[in-house]
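To be precise, the following lines are entry23.txt, and they hold compact mmCIF, C-alpha atoms.
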# COMPACT_ATOMS: atom_id res chain seq x y z
CA MET A 1 -41.86 -15.36 5.35
CA ILE A 2 -38.64 -14.26 3.62
CA LYS A 3 -36.08 -12.72 5.98
CA LEU A 4 -34.38 -9.69 4.44
CA ASP A 5 -30.68 -9.16 4.84
CA LEU A 6 -30.82 -5.39 5.28
CA ASP A 7 -27.05 -4.97 5.52
CA LEU A 8 -26.63 -6.79 2.22
CA ILE A 9 -29.29 -4.60 0.59
CA LYS A 10 -27.60 -1.45 1.88
CA ASN A 11 -24.21 -2.60 0.64
CA ASN A 12 -25.72 -3.31 -2.79
CA ILE A 13 -27.18 0.22 -2.86
CA PHE A 14 -23.81 1.72 -1.96
CA GLN A 15 -22.03 -0.35 -4.61
CA ASN A 16 -24.58 0.61 -7.27
CA ILE A 17 -24.19 4.29 -6.38
CA LYS A 18 -20.44 3.90 -6.68
CA THR A 19 -20.84 2.35 -10.13
CA ILE A 20 -23.14 5.14 -11.31
CA VAL A 21 -21.43 8.19 -9.81
CA ASP A 22 -17.78 7.26 -10.24
CA ASN A 23 -18.24 6.34 -13.90
CA GLU A 24 -19.83 9.64 -14.92
CA LYS A 25 -16.53 11.32 -15.81
CA LYS A 26 -16.76 13.17 -19.12
CA GLU A 27 -13.90 13.77 -21.51
CA PHE A 28 -12.96 17.42 -22.05
CA VAL A 29 -13.69 18.57 -25.60
CA PRO A 30 -12.13 22.01 -26.30
CA GLY A 31 -14.75 24.50 -27.43
CA GLU A 32 -17.63 22.20 -26.52
CA SER A 33 -17.17 21.31 -22.85
CA PRO A 34 -17.93 24.28 -20.58
CA ILE A 35 -15.14 25.38 -18.23
CA LEU A 36 -17.06 26.65 -15.22
CA THR A 37 -15.79 29.24 -12.76
CA GLY A 38 -16.71 26.89 -9.92
CA MET A 39 -18.31 23.52 -9.31
CA ALA A 40 -18.84 20.88 -6.65
CA VAL A 41 -16.20 18.16 -6.94
CA TYR A 42 -17.36 14.94 -5.29
CA ASP A 43 -17.77 11.22 -5.84
CA SER A 44 -19.74 8.25 -4.52
CA ARG A 45 -18.39 8.68 -1.00
CA GLU A 46 -20.35 11.89 -0.50
CA VAL A 47 -23.49 10.48 -2.12
CA ASN A 48 -23.36 7.29 -0.04
CA ALA A 49 -22.75 9.29 3.15
CA ILE A 50 -25.94 11.24 2.43
CA ILE A 51 -27.88 8.04 1.70
CA GLU A 52 -26.62 6.38 4.88
CA THR A 53 -27.75 9.41 6.88
CA LEU A 54 -31.17 9.26 5.23
CA LEU A 55 -31.47 5.60 6.12
CA ASP A 56 -30.56 6.43 9.72
CA GLY A 57 -33.62 8.69 9.79
CA TRP A 58 -31.96 11.64 11.52
CA PHE A 59 -32.47 14.80 9.48
CA GLY A 60 -31.85 17.64 11.93
CA LEU A 61 -28.30 18.55 12.83
CA GLY A 62 -26.93 15.75 15.03
CA LYS A 63 -23.83 13.70 15.76
CA ARG A 64 -22.36 14.15 12.28
CA GLY A 65 -22.79 17.90 12.64
CA VAL A 66 -20.95 17.86 15.97
CA LYS A 67 -18.19 15.73 14.45
CA PHE A 68 -17.83 18.14 11.54
CA GLU A 69 -17.69 21.17 13.85
CA ASN A 70 -14.92 19.54 15.87
CA ARG A 71 -12.87 18.46 12.85
CA PHE A 72 -13.28 21.74 11.01
CA SER A 73 -12.39 23.96 13.98
CA SER A 74 -9.34 21.77 14.60
CA TYR A 75 -8.27 22.31 10.97
CA ILE A 76 -8.39 26.09 11.54
CA ASN A 77 -6.57 25.63 14.88
CA SER A 78 -9.59 26.96 16.78
CA LYS A 79 -11.48 25.60 19.79
CA HIS A 80 -15.06 25.95 18.60
CA GLY A 81 -16.98 25.44 15.35
CA ILE A 82 -20.60 26.40 14.70
CA LEU A 83 -22.27 24.97 11.59
CA VAL A 84 -24.85 27.11 9.80
CA ASN A 85 -26.77 27.00 6.54
CA SER A 86 -24.56 29.41 4.55
CA GLY A 87 -21.54 31.67 4.69
CA SER A 88 -23.91 34.63 4.60
CA SER A 89 -25.63 33.37 7.75
CA ALA A 90 -22.21 32.83 9.29
CA ASN A 91 -21.42 36.54 8.77
CA LEU A 92 -24.74 37.60 10.27
CA ILE A 93 -24.28 35.41 13.35
CA ALA A 94 -20.63 36.39 13.76
CA LEU A 95 -21.36 40.10 13.99
CA ASN A 96 -24.52 39.58 16.04
CA SER A 97 -22.58 37.43 18.53
CA ILE A 98 -19.99 40.15 19.06
CA LYS A 99 -22.76 42.75 19.30
CA ASN A 100 -24.39 40.68 22.06
CA LYS A 101 -21.16 39.95 23.92
CA LEU A 102 -19.96 43.56 23.95
CA ASN A 103 -23.46 45.07 24.42
CA LEU A 104 -23.02 47.25 21.35
CA THR A 105 -25.91 49.23 19.92
CA SER A 106 -24.24 51.24 17.15
CA GLY A 107 -20.92 52.42 15.81
CA GLU A 108 -18.72 52.16 12.74
CA ILE A 109 -17.26 48.96 11.37
CA ILE A 110 -14.40 49.23 8.91
CA THR A 111 -15.01 47.30 5.70
CA PRO A 112 -14.03 47.59 2.01
CA ALA A 113 -16.34 48.92 -0.68
CA CYS A 114 -15.10 46.12 -2.94
CA GLY A 115 -16.48 42.73 -1.97
CA PHE A 116 -19.42 40.39 -1.67
CA PRO A 117 -22.68 41.88 -0.37
CA THR A 118 -23.14 39.59 2.62
CA THR A 119 -20.03 40.84 4.39
CA PHE A 120 -21.46 44.33 3.96
CA ASN A 121 -25.08 43.43 4.65
CA ALA A 122 -24.60 42.13 8.20
CA ILE A 123 -23.19 45.52 9.21
CA LEU A 124 -26.31 47.28 7.91
CA GLN A 125 -28.78 44.66 9.14
CA LEU A 126 -27.46 44.97 12.71
CA ASP A 127 -27.65 48.78 12.78
CA PHE A 128 -23.95 49.53 12.45
CA THR A 129 -22.47 52.04 10.01
CA PRO A 130 -20.06 50.80 7.33
CA ALA A 131 -16.77 52.71 7.48
CA ILE A 132 -15.78 52.36 3.84
CA ILE A 133 -12.17 52.04 2.66
CA ASP A 134 -10.43 51.18 -0.61
CA VAL A 135 -8.42 48.06 -1.48
CA ASP A 136 -4.96 47.69 -3.04
CA LYS A 137 -3.53 45.53 -5.81
CA SER A 138 -3.88 42.39 -3.68
CA LEU A 139 -7.67 43.09 -3.86
CA ASN A 140 -7.64 43.60 -0.07
CA ILE A 141 -7.73 46.30 2.57
CA THR A 142 -4.35 47.28 4.01
CA PRO A 143 -3.12 48.40 7.45
CA GLU A 144 -2.79 51.92 6.04
CA HIS A 145 -6.40 51.92 4.83
CA VAL A 146 -7.57 50.70 8.24
CA GLU A 147 -5.68 53.37 10.16
CA THR A 148 -7.25 56.20 8.16
CA ALA A 149 -10.74 55.07 9.22
CA ILE A 150 -10.26 54.70 12.98
CA ASN A 151 -12.03 57.23 15.20
CA GLU A 152 -13.95 57.34 18.50
CA ASN A 153 -16.96 55.63 16.89
CA THR A 154 -15.04 52.68 15.45
CA LYS A 155 -15.98 49.31 16.96
CA GLY A 156 -14.40 46.73 14.70
CA ILE A 157 -13.12 45.53 11.33
CA MET A 158 -15.01 43.08 9.11
CA PHE A 159 -13.59 42.04 5.75
CA ALA A 160 -12.94 39.11 3.42
CA HIS A 161 -9.63 37.76 2.17
CA SER A 162 -10.57 38.46 -1.42
CA LEU A 163 -10.68 35.41 -3.72
CA GLY A 164 -8.51 33.54 -1.19
CA ASN A 165 -5.61 36.01 -1.42
CA PRO A 166 -4.76 36.91 2.21
CA ALA A 167 -4.80 40.50 3.40
CA GLN A 168 -2.01 41.67 5.72
CA ILE A 169 -4.00 40.31 8.62
CA GLU A 170 -1.18 40.08 11.15
CA GLU A 171 -0.42 43.79 10.80
CA ILE A 172 -4.14 44.65 10.79
CA LYS A 173 -4.54 42.59 13.96
CA LYS A 174 -1.87 44.67 15.72
CA ILE A 175 -3.75 47.85 14.85
CA ALA A 176 -6.99 46.31 16.12
CA ILE A 177 -5.41 45.36 19.46
CA GLU A 178 -3.89 48.83 19.90
CA ASN A 179 -7.30 50.43 19.31
CA GLU A 180 -9.43 47.82 21.12
CA LEU A 181 -11.26 46.80 17.98
CA PHE A 182 -12.66 43.37 17.14
CA ILE A 183 -11.94 41.59 13.85
CA ILE A 184 -14.28 39.33 11.91
CA GLU A 185 -12.42 37.48 9.15
CA ASP A 186 -14.63 36.42 6.25
CA CYS A 187 -12.74 33.38 4.95
CA CYS A 188 -15.51 32.12 2.67
CA ASP A 189 -13.08 32.24 -0.29
CA ALA A 190 -9.94 31.49 1.72
CA LEU A 191 -10.24 28.01 3.20
CA GLY A 192 -6.65 26.80 3.59
CA SER A 193 -4.99 30.14 2.81
CA LYS A 194 -2.28 31.19 5.28
CA TYR A 195 -0.53 34.33 6.42
CA ASN A 196 2.88 34.07 8.07
CA GLY A 197 2.31 30.35 8.61
CA LYS A 198 -1.09 30.73 10.33
CA MET A 199 -4.46 29.89 8.83
CA CYS A 200 -6.65 32.71 7.63
CA GLY A 201 -9.35 32.58 10.28
CA GLU A 202 -6.95 32.30 13.22
CA PHE A 203 -6.56 36.04 13.61
CA GLY A 204 -10.11 37.27 14.18
CA GLU A 205 -12.25 37.02 17.29
CA ILE A 206 -14.56 34.99 15.10
CA SER A 207 -14.20 33.89 11.48
CA THR A 208 -16.59 32.65 8.82
CA TYR A 209 -16.59 30.07 6.01
CA SER A 210 -18.90 29.01 3.20
CA PHE A 211 -19.62 25.57 1.76
CA TYR A 212 -21.43 26.73 -1.37
CA PRO A 213 -20.77 24.32 -4.30
CA ALA A 214 -17.98 26.47 -5.76
CA HIS A 215 -16.05 26.91 -2.51
CA GLY A 216 -13.10 25.02 -1.02
CA ILE A 217 -15.35 22.21 0.14
CA THR A 218 -19.09 21.90 -0.22
CA MET A 219 -22.18 20.61 1.54
CA GLY A 220 -24.35 21.76 -1.36
CA GLU A 221 -24.97 24.85 0.76
CA GLY A 222 -23.75 25.56 4.28
CA GLY A 223 -21.30 27.55 6.32
CA CYS A 224 -19.37 27.60 9.57
CA LEU A 225 -17.99 29.96 12.19
CA VAL A 226 -14.88 29.30 14.25
CA THR A 227 -13.72 30.99 17.43
CA ASN A 228 -11.50 30.47 20.45
CA ASP A 229 -13.86 32.48 22.64
CA HIS A 230 -16.11 30.23 24.74
CA LYS A 231 -18.69 32.97 25.32
CA LEU A 232 -18.90 33.84 21.61
CA ASN A 233 -19.37 30.15 20.86
CA ARG A 234 -22.31 29.92 23.27
CA ILE A 235 -23.90 33.11 21.94
CA ALA A 236 -23.44 32.05 18.29
CA LYS A 237 -25.04 28.64 18.88
CA SER A 238 -27.94 30.26 20.70
CA LEU A 239 -28.50 32.71 17.84
CA ARG A 240 -28.33 29.85 15.32
CA ASP A 241 -30.81 27.73 17.31
CA TRP A 242 -33.80 30.08 17.70
CA GLY A 243 -32.12 31.97 20.56
CA ARG A 244 -32.53 29.15 23.06
CA ASP A 245 -30.44 29.01 26.21
CA CYS A 246 -29.92 25.23 26.17
CA TRP A 247 -26.49 24.06 25.05
CA CYS A 248 -27.35 20.39 24.43
CA THR A 249 -26.66 18.94 20.99
CA THR A 250 -29.80 18.16 19.00
CA ASP A 251 -29.20 14.39 19.26
CA GLU A 252 -28.77 14.49 23.06
CA LYS A 253 -29.82 11.03 24.31
CA ASN A 254 -30.04 11.92 28.02
CA LEU A 255 -33.62 13.08 28.57
CA LEU A 256 -32.44 15.27 31.45
CA GLY A 257 -29.97 17.03 29.15
CA SER A 258 -26.21 17.52 29.35
CA CYS A 259 -26.58 19.44 32.60
CA GLY A 260 -28.68 16.67 34.19
CA LYS A 261 -31.31 19.16 35.40
CA ARG A 262 -33.23 20.08 32.28
CA PHE A 263 -36.57 20.41 34.13
CA ASP A 264 -35.20 22.26 37.17
CA TYR A 265 -34.83 25.71 35.55
CA GLU A 266 -37.27 28.54 36.22
CA ILE A 267 -38.71 31.53 34.39
CA ASP A 268 -40.08 34.18 36.76
CA GLY A 269 -40.52 31.52 39.44
CA VAL A 270 -42.21 29.03 37.09
CA PRO A 271 -40.39 25.68 36.59
CA TYR A 272 -39.58 25.43 32.89
CA ASP A 273 -37.93 23.02 30.44
CA HIS A 274 -34.46 24.42 29.67
CA LYS A 275 -34.82 23.38 26.03
CA TYR A 276 -37.54 26.02 25.73
CA ILE A 277 -35.87 28.89 27.54
CA TYR A 278 -34.68 31.66 25.20
CA SER A 279 -31.83 33.95 26.20
CA SER A 280 -31.38 35.79 22.88
CA ILE A 281 -33.46 36.89 19.92
CA GLY A 282 -32.24 34.33 17.43
CA TYR A 283 -32.87 32.67 14.11
CA ASN A 284 -33.09 29.14 12.75
CA LEU A 285 -29.98 28.91 10.59
CA LYS A 286 -29.00 25.26 10.99
CA PRO A 287 -28.01 23.03 8.08
CA LEU A 288 -29.19 19.43 7.73
CA GLU A 289 -27.42 16.38 9.09
CA LEU A 290 -27.26 15.19 5.46
CA GLN A 291 -25.06 18.18 4.67
CA ALA A 292 -22.76 17.49 7.60
CA ALA A 293 -22.36 13.90 6.33
CA MET A 294 -21.28 15.22 2.94
CA GLY A 295 -19.00 17.78 4.58
CA LEU A 296 -17.11 15.11 6.53
CA GLU A 297 -16.26 13.32 3.29
CA GLN A 298 -15.21 16.62 1.70
CA LEU A 299 -12.90 17.40 4.62
CA ASP A 300 -10.97 14.23 3.80
CA LYS A 301 -10.28 15.70 0.34
CA LEU A 302 -9.58 19.29 1.34
CA ASP A 303 -5.78 19.10 1.26
CA THR A 304 -5.89 17.48 -2.19
CA PHE A 305 -8.34 20.12 -3.45
CA ASN A 306 -6.08 22.90 -2.19
CA GLN A 307 -3.00 21.34 -3.79
CA ILE A 308 -4.81 21.30 -7.14
CA ARG A 309 -5.88 24.93 -6.77
CA LYS A 310 -2.28 25.92 -6.01
CA MET A 311 -0.96 23.95 -8.96
CA ASN A 312 -3.57 25.51 -11.26
CA PHE A 313 -2.56 28.98 -10.06
CA LYS A 314 1.08 28.18 -10.83
CA ILE A 315 0.21 26.99 -14.34
CA TYR A 316 -1.97 30.05 -14.99
CA SER A 317 0.75 32.42 -13.74
CA GLU A 318 3.38 30.88 -16.00
CA GLU A 319 1.13 30.68 -19.06
CA LEU A 320 -0.34 34.18 -18.70
CA GLU A 321 2.99 35.91 -18.21
CA ILE A 322 3.26 36.63 -21.95
CA PHE A 323 0.08 38.74 -21.78
CA GLY A 324 1.50 41.28 -19.33
CA ASN A 325 0.78 44.13 -21.74
CA TYR A 326 -2.95 43.34 -21.59
CA ILE A 327 -3.78 41.78 -18.23
CA GLU A 328 -2.16 41.38 -14.83
CA ILE A 329 -2.81 39.25 -11.77
CA PRO A 330 -3.09 40.64 -8.23
CA ILE A 331 -0.03 41.02 -6.07
CA ILE A 332 0.49 38.49 -3.31
CA ASN A 333 1.62 39.97 0.00
CA GLU A 334 5.05 38.90 1.22
CA LYS A 335 3.88 36.62 4.07
CA SER A 336 0.91 35.21 2.17
CA ASP A 337 0.38 31.62 1.09
CA PRO A 338 -2.89 31.80 -0.85
CA VAL A 339 -5.29 29.12 -2.01
CA PHE A 340 -7.11 31.03 -4.71
CA PHE A 341 -10.86 30.62 -5.04
CA GLY A 342 -10.78 32.01 -8.57
CA MET A 343 -8.10 33.21 -10.99
CA PRO A 344 -8.39 37.02 -10.99
CA LEU A 345 -7.33 39.00 -14.07
CA ILE A 346 -7.12 42.79 -14.25
CA ILE A 347 -7.11 44.55 -17.62
CA ASN A 348 -4.28 47.09 -17.91
CA ASN A 349 -4.57 48.10 -21.57
CA GLU A 350 -7.12 50.56 -22.94
CA LYS A 351 -7.42 48.54 -26.15
CA VAL A 352 -8.97 45.68 -24.19
CA LYS A 353 -12.67 46.21 -23.44
CA ARG A 354 -13.82 43.88 -20.68
CA GLN A 355 -17.35 43.39 -21.97
CA ASP A 356 -16.06 42.36 -25.39
CA LEU A 357 -13.46 40.01 -23.90
CA ILE A 358 -16.01 38.43 -21.53
CA LYS A 359 -18.46 37.77 -24.35
CA TYR A 360 -15.68 36.25 -26.45
CA LEU A 361 -14.56 33.91 -23.64
CA ASN A 362 -18.09 32.80 -22.85
CA SER A 363 -18.79 32.15 -26.55
CA ASN A 364 -15.85 29.73 -26.34
CA LYS A 365 -17.38 27.95 -23.28
CA ILE A 366 -15.05 29.68 -20.81
CA GLY A 367 -17.01 30.88 -17.79
CA THR A 368 -16.23 34.25 -16.18
CA ARG A 369 -17.27 36.22 -13.10
CA TYR A 370 -16.73 39.82 -12.04
CA LEU A 371 -15.25 40.64 -8.64
CA PHE A 372 -18.60 40.21 -6.90
CA GLY A 373 -20.34 43.57 -6.40
CA GLY A 374 -17.44 45.72 -7.57
CA ASN A 375 -17.94 49.02 -5.73
CA LEU A 376 -20.92 48.10 -3.58
CA LEU A 377 -21.82 51.74 -3.06
CA LYS A 378 -22.73 51.90 -6.75
CA GLN A 379 -25.10 48.92 -6.52
CA PRO A 380 -28.85 49.74 -6.53
CA ALA A 381 -29.47 48.26 -3.08
CA TYR A 382 -27.01 50.61 -1.38
CA LYS A 383 -27.84 53.93 -3.03
CA ASN A 384 -29.48 55.37 0.09
CA ILE A 385 -27.61 53.72 2.96
CA ASN A 386 -25.87 55.60 5.74
CA TYR A 387 -22.09 55.15 5.59
CA SER A 388 -18.79 56.90 6.30
CA LEU A 389 -16.14 57.12 3.58
CA TYR A 390 -12.43 57.27 4.38
CA GLY A 391 -10.22 58.12 1.42
CA ASP A 392 -10.95 57.65 -2.25
CA LEU A 393 -12.07 54.42 -3.91
CA ASP A 394 -9.87 54.69 -6.98
CA TYR A 395 -8.70 51.08 -7.10
CA THR A 396 -12.12 49.73 -6.17
CA ASN A 397 -13.56 51.62 -9.13
CA LYS A 398 -10.84 50.27 -11.41
CA LEU A 399 -11.68 46.72 -10.32
CA MET A 400 -15.36 47.33 -10.96
CA LYS A 401 -14.48 48.36 -14.52
CA ASP A 402 -11.53 46.10 -15.40
CA CYS A 403 -11.43 42.99 -13.20
CA PHE A 404 -12.85 39.53 -13.84
CA TRP A 405 -11.95 36.00 -12.85
CA ILE A 406 -11.96 32.53 -14.33
CA GLY A 407 -12.03 29.06 -12.82
CA ILE A 408 -9.18 27.55 -10.85
CA HIS A 409 -11.07 24.84 -8.95
CA PRO A 410 -10.15 21.12 -8.70
CA GLY A 411 -12.38 20.29 -11.68
CA ILE A 412 -9.99 22.21 -13.96
CA ASN A 413 -6.79 20.66 -15.31
CA GLU A 414 -3.77 21.78 -17.32
CA GLU A 415 -5.40 20.92 -20.66
CA MET A 416 -8.29 23.27 -19.88
CA ILE A 417 -5.96 26.05 -18.75
CA LYS A 418 -3.92 25.80 -21.94
CA TYR A 419 -7.13 25.95 -23.98
CA ILE A 420 -8.11 29.15 -22.12
CA VAL A 421 -4.64 30.61 -22.75
CA SER A 422 -4.89 29.78 -26.47
CA LYS A 423 -8.18 31.68 -26.70
CA LEU A 424 -6.71 34.68 -24.89
CA LYS A 425 -3.73 34.64 -27.25
CA TYR A 426 -6.03 34.64 -30.28
CA TYR A 427 -8.05 37.53 -28.83
CA PHE A 428 -5.07 39.72 -27.94
CA ASN A 429 -3.44 39.10 -31.33
CA LYS A 430 -6.65 40.16 -33.01
CA ILE A 431 -6.88 43.56 -31.29
CA GLU A 432 -3.33 44.60 -32.24

Will you turn the file into structure tokens for me?
Amino acid sequence: MIKLDLDLIKNNIFQNIKTIVDNEKKEFVPGESPILTGMAVYDSREVNAIIETLLDGWFGLGKRGVKFENRFSSYINSKHGILVNSGSSANLIALNSIKNKLNLTSGEIITPACGFPTTFNAILQLDFTPAIIDVDKSLNITPEHVETAINENTKGIMFAHSLGNPAQIEEIKKIAIENELFIIEDCCDALGSKYNGKMCGEFGEISTYSFYPAHGITMGEGGCLVTNDHKLNRIAKSLRDWGRDCWCTTDEKNLLGSCGKRFDYEIDGVPYDHKYIYSSIGYNLKPLELQAAMGLEQLDKLDTFNQIRKMNFKIYSEELEIFGNYIEIPIINEKSDPVFFGMPLIINNEKVKRQDLIKYLNSNKIGTRYLFGGNLLKQPAYKNINYSLYGDLDYTNKLMKDCFWIGIHPGINEEMIKYIVSKLKYYFNKIE
């Protein structure tokens, strides 16, 4: 009988994957190669990490998930991390956790009309009322906007740092403290962005992140919450894990559990396994261990990815300066150090029609996106919702009509940016 050297076979698999994946780089051909607004940037290390996890045979969230939660929360300078299956789920759990902790049943939550639906949706899904405010030229809410919306029914503030450009979160935090309001920071686009030297995500009671392929790092899909609040951490993990009361990790090896008395709990006088005691009405929103394995490799590259995004923003800003009579970029608040998720452009000339420009760029293989839902109140899904409006939405409506963004991710280089600029130059020359 032939004895197999399994370690040798595994090493051969890993080496073959490295040969295949790391040699797939394609040369950029202007006008033929698509320049996407976002993409997953990875190599054989992520693929082999997934394969190794598959070979281990542990599919549910386990030790790699715990390791990722610890490393990621440490990166954000927070005590606790809770992995979930998407940034949207992270928003839902974040608000639900605060609702549970504070025993809230209703009330208003301040949020911008301009944004991505899943920041907005959690407020509606959990029976709160959106208190709608406008944004400014940074694409974000401001302290002044927030103050206009505060009243006796206000419970908290929930918003995203739009496209990775930080809002004036330190000043907003002061207002929240003075009025006993909670803050949920949606940092799905802002991984690595800072305000006054602190990470976006450090200011809120709980903050959320996304690992969708286009985001700062990716697990294919996935998301995370971070918090310094031990009780919120426990509630969030319970909500993520069906609502169960047990706090053991899913790969707990001790059959009696972390507490050592798994079978000594009771429900109404009946001895019951703590793993099957439910203290909240929860969901199942866990990612796979395979995703956590990929995420750990991506974390090693995060600083490099962010450096590339910052360099790309610098190149764009310098190259696009000559088009100031046609388009402008958002302002960056004084204390902000952004890592942009996308390169936002705002049309400021009536001769430029966004639809025509977008079609032209896409015909030249340059991908574009609008600023998510624009004014969400105008979207079909929200026509009949209950909300409170504070102030006008003039700039939100302008962004819905005149804003779009192009790619800035680590898969884009200076050659691609200069190609994009050359196409913009041709277009703007043509309309004069």

* To do: Find the residue from A:Thr218, A:Lys10, A:Leu181, A:Ile93 that sits nearest to Asp300 in chain A; use all atoms listed in the file when measuring.
  =>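 Closest to Asp300 in chain A of all the choices is A:Thr218.
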
* Asked: Near Gly62 in chain A, counting all atoms listed in the file, which residues have an atom at most 12 Å away, once you skip same-chain residues fewer than 5 positions from it, shown as a list of chain:residue names?
  -> A:Thr53, A:Asp56, A:Gly57, A:Lys67, A:Phe68, A:Glu69, A:Leu83, A:Cys248, A:Thr249, A:Thr250, A:Asp251, A:Glu252, A:Lys253, A:Lys286, A:Pro287, A:Leu288, A:Glu289, A:Leu290, A:Gln291, A:Ala292, A:Ala293

Keeping only C-alpha atoms, write the selected residues to a file as a JSON list (two decimals), in the coordinates of the input.
[["chain", "number", "residue", "atom", "x", "y", "z"],
["A", 53, "THR", "CA", -27.75, 9.41, 6.88],
["A", 56, "ASP", "CA", -30.56, 6.43, 9.72],
["A", 57, "GLY", "CA", -33.62, 8.69, 9.79],
["A", 67, "LYS", "CA", -18.19, 15.73, 14.45],
["A", 68, "PHE", "CA", -17.83, 18.14, 11.54],
["A", 69, "GLU", "CA", -17.69, 21.17, 13.85],
["A", 83, "LEU", "CA", -22.27, 24.97, 11.59],
["A", 248, "CYS", "CA", -27.35, 20.39, 24.43],
["A", 249, "THR", "CA", -26.66, 18.94, 20.99],
["A", 250, "THR", "CA", -29.80, 18.16, 19.00],
["A", 251, "ASP", "CA", -29.20, 14.39, 19.26],
["A", 252, "GLU", "CA", -28.77, 14.49, 23.06],
["A", 253, "LYS", "CA", -29.82, 11.03, 24.31],
["A", 286, "LYS", "CA", -29.00, 25.26, 10.99],
["A", 287, "PRO", "CA", -28.01, 23.03, 8.08],
["A", 288, "LEU", "CA", -29.19, 19.43, 7.73],
["A", 289, "GLU", "CA", -27.42, 16.38, 9.09],
["A", 290, "LEU", "CA", -27.26, 15.19, 5.46],
["A", 291, "GLN", "CA", -25.06, 18.18, 4.67],
["A", 292, "ALA", "CA", -22.76, 17.49, 7.60],
["A", 293, "ALA", "CA", -22.36, 13.90, 6.33]]

* Compile the contact shell of Phe428 in chain A as an MDAnalysis selection string: residues with an atom at most 8 Å away, counting all atoms listed in the file, same-chain residues fewer than 4 positions apart removed. => chainID A and resid 326 424 432

* Asked: Rounded to one decimal in Å, what is the spacing between CA of Glu318 in chain A and CA of Val421 in chain A?
  ->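 For CA of Glu318 in chain A relative to CA of Val421 in chain A, the distance reads 10.5 Å.
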
* To do: Would you kindly return, as a list in words, each protein, DNA or RNA residue with an atom no farther than 9 Å from any atom of Ser73 in chain A, considering all atoms listed in the file and excluding same-chain residues fewer than 5 positions away?
  => Phe68, Ser78, Lys79, His80, Gly81, Ile82, Leu225, Val226 and Thr227 of chain A

* **Residue neighbourhood range 348-361 of chain A, 7 Å, only C-alpha atoms, exclusion window fewer than 2 positions, as a PyMOL selection string** => chain A and resi 325-328+346+363-366+368+402

* To do: Provide the CA of His230 in chain A to CA of Glu185 in chain A distance in Å, to one decimal place.
  => 17.6 Å

* Structure fact -> For Phe72 in chain A, the closest of A:Ile277, A:Leu399, A:Leu371, A:Cys224 counting only C-alpha atoms is A:Cys224

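Checking A:Ala167, A:Leu296, A:Ala131, A:Ile406 one by one against Val66 in chain A, counting only C-alpha atoms, you find the shortest gap at A:Leu296.
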
* Asked: From the list A:Ile141, A:Cys259, A:Ile13, A:Ile20, which residue is nearest Asn333 in chain A when using all atoms listed in the file?
  ->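 Comparing A:Ile141, A:Cys259, A:Ile13, A:Ile20 against Asn333 in chain A, the winner is A:Ile141.
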
* Of the candidates A:Trp242, A:Phe323, A:Trp58, A:Phe341, which shows the shortest atom-to-atom distance to Gly282 in chain A, using only C-alpha atoms? ->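 Answer, going by the shortest atom-to-atom distance: A:Trp242.
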
* To do: Select, from A:Arg71, A:Lys275, A:His145, A:Lys194, the residue with the minimum atom-to-atom distance to Ile172 in chain A, counting all atoms listed in the file.
  =>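 Closest candidate: A:His145.
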
* How far is it from CA of Tyr395 in chain A to CA of Leu376 in chain A, in Å with one decimal? ->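 Value for the CA of Tyr395 in chain A-CA of Leu376 in chain A distance: 13.1 Å.
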
* Within 10 Å of Asp273 in chain A using all atoms listed in the file, minus same-chain residues under 2 positions, as an MDAnalysis selection string -> chainID A and resid 246 256 261:267 270:271 275:277

At most 9 Å is the cut-off: for each residue in range 49-168 of chain A with any atom that close to an atom of range 202-216 of chain A, write down the nearest atom pair and the distance in Å rounded to one decimal, counting all atoms listed in the file, chain first then increasing number, as JSON lines.
{"residue": "A:Ile76", "atom": "CA", "partner": "A:Glu202", "partner_atom": "CA", "distance": 6.6}
{"residue": "A:Asn77", "atom": "CA", "partner": "A:Glu202", "partner_atom": "CA", "distance": 6.9}
{"residue": "A:Ser78", "atom": "CA", "partner": "A:Glu202", "partner_atom": "CA", "distance": 6.9}
{"residue": "A:Asn85", "atom": "CA", "partner": "A:Phe211", "partner_atom": "CA", "distance": 8.7}
{"residue": "A:Ser86", "atom": "CA", "partner": "A:Ser210", "partner_atom": "CA", "distance": 5.8}
{"residue": "A:Gly87", "atom": "CA", "partner": "A:Ser210", "partner_atom": "CA", "distance": 4.0}
{"residue": "A:Ser88", "atom": "CA", "partner": "A:Ser210", "partner_atom": "CA", "distance": 7.7}
{"residue": "A:Ala90", "atom": "CA", "partner": "A:Thr208", "partner_atom": "CA", "distance": 5.6}
{"residue": "A:Asn91", "atom": "CA", "partner": "A:Thr208", "partner_atom": "CA", "distance": 6.2}
{"residue": "A:Ala94", "atom": "CA", "partner": "A:Ile206", "partner_atom": "CA", "distance": 6.4}
{"residue": "A:Leu95", "atom": "CA", "partner": "A:Ile206", "partner_atom": "CA", "distance": 8.6}
{"residue": "A:Ile98", "atom": "CA", "partner": "A:Ile206", "partner_atom": "CA", "distance": 8.5}

Box time for range 171-190 of chain A: axis-aligned, enclosing all its listed atoms, 8 Å extra on each side; report centre and edge lengths in Å to one decimal, as JSON.
{"center_x": -8.0, "center_y": 41.0, "center_z": 10.4, "size_x": 31.1, "size_y": 34.9, "size_z": 37.4}

* To do: Kindly provide, as a PyMOL selection string, the polymer residues lying within 7 Å of (-9.5, 51.3, 14.1), counting only C-alpha atoms and using the coordinates exactly as they appear in the file.
  => chain A and resi 146-147+149-151+154+156+175-176+179+181
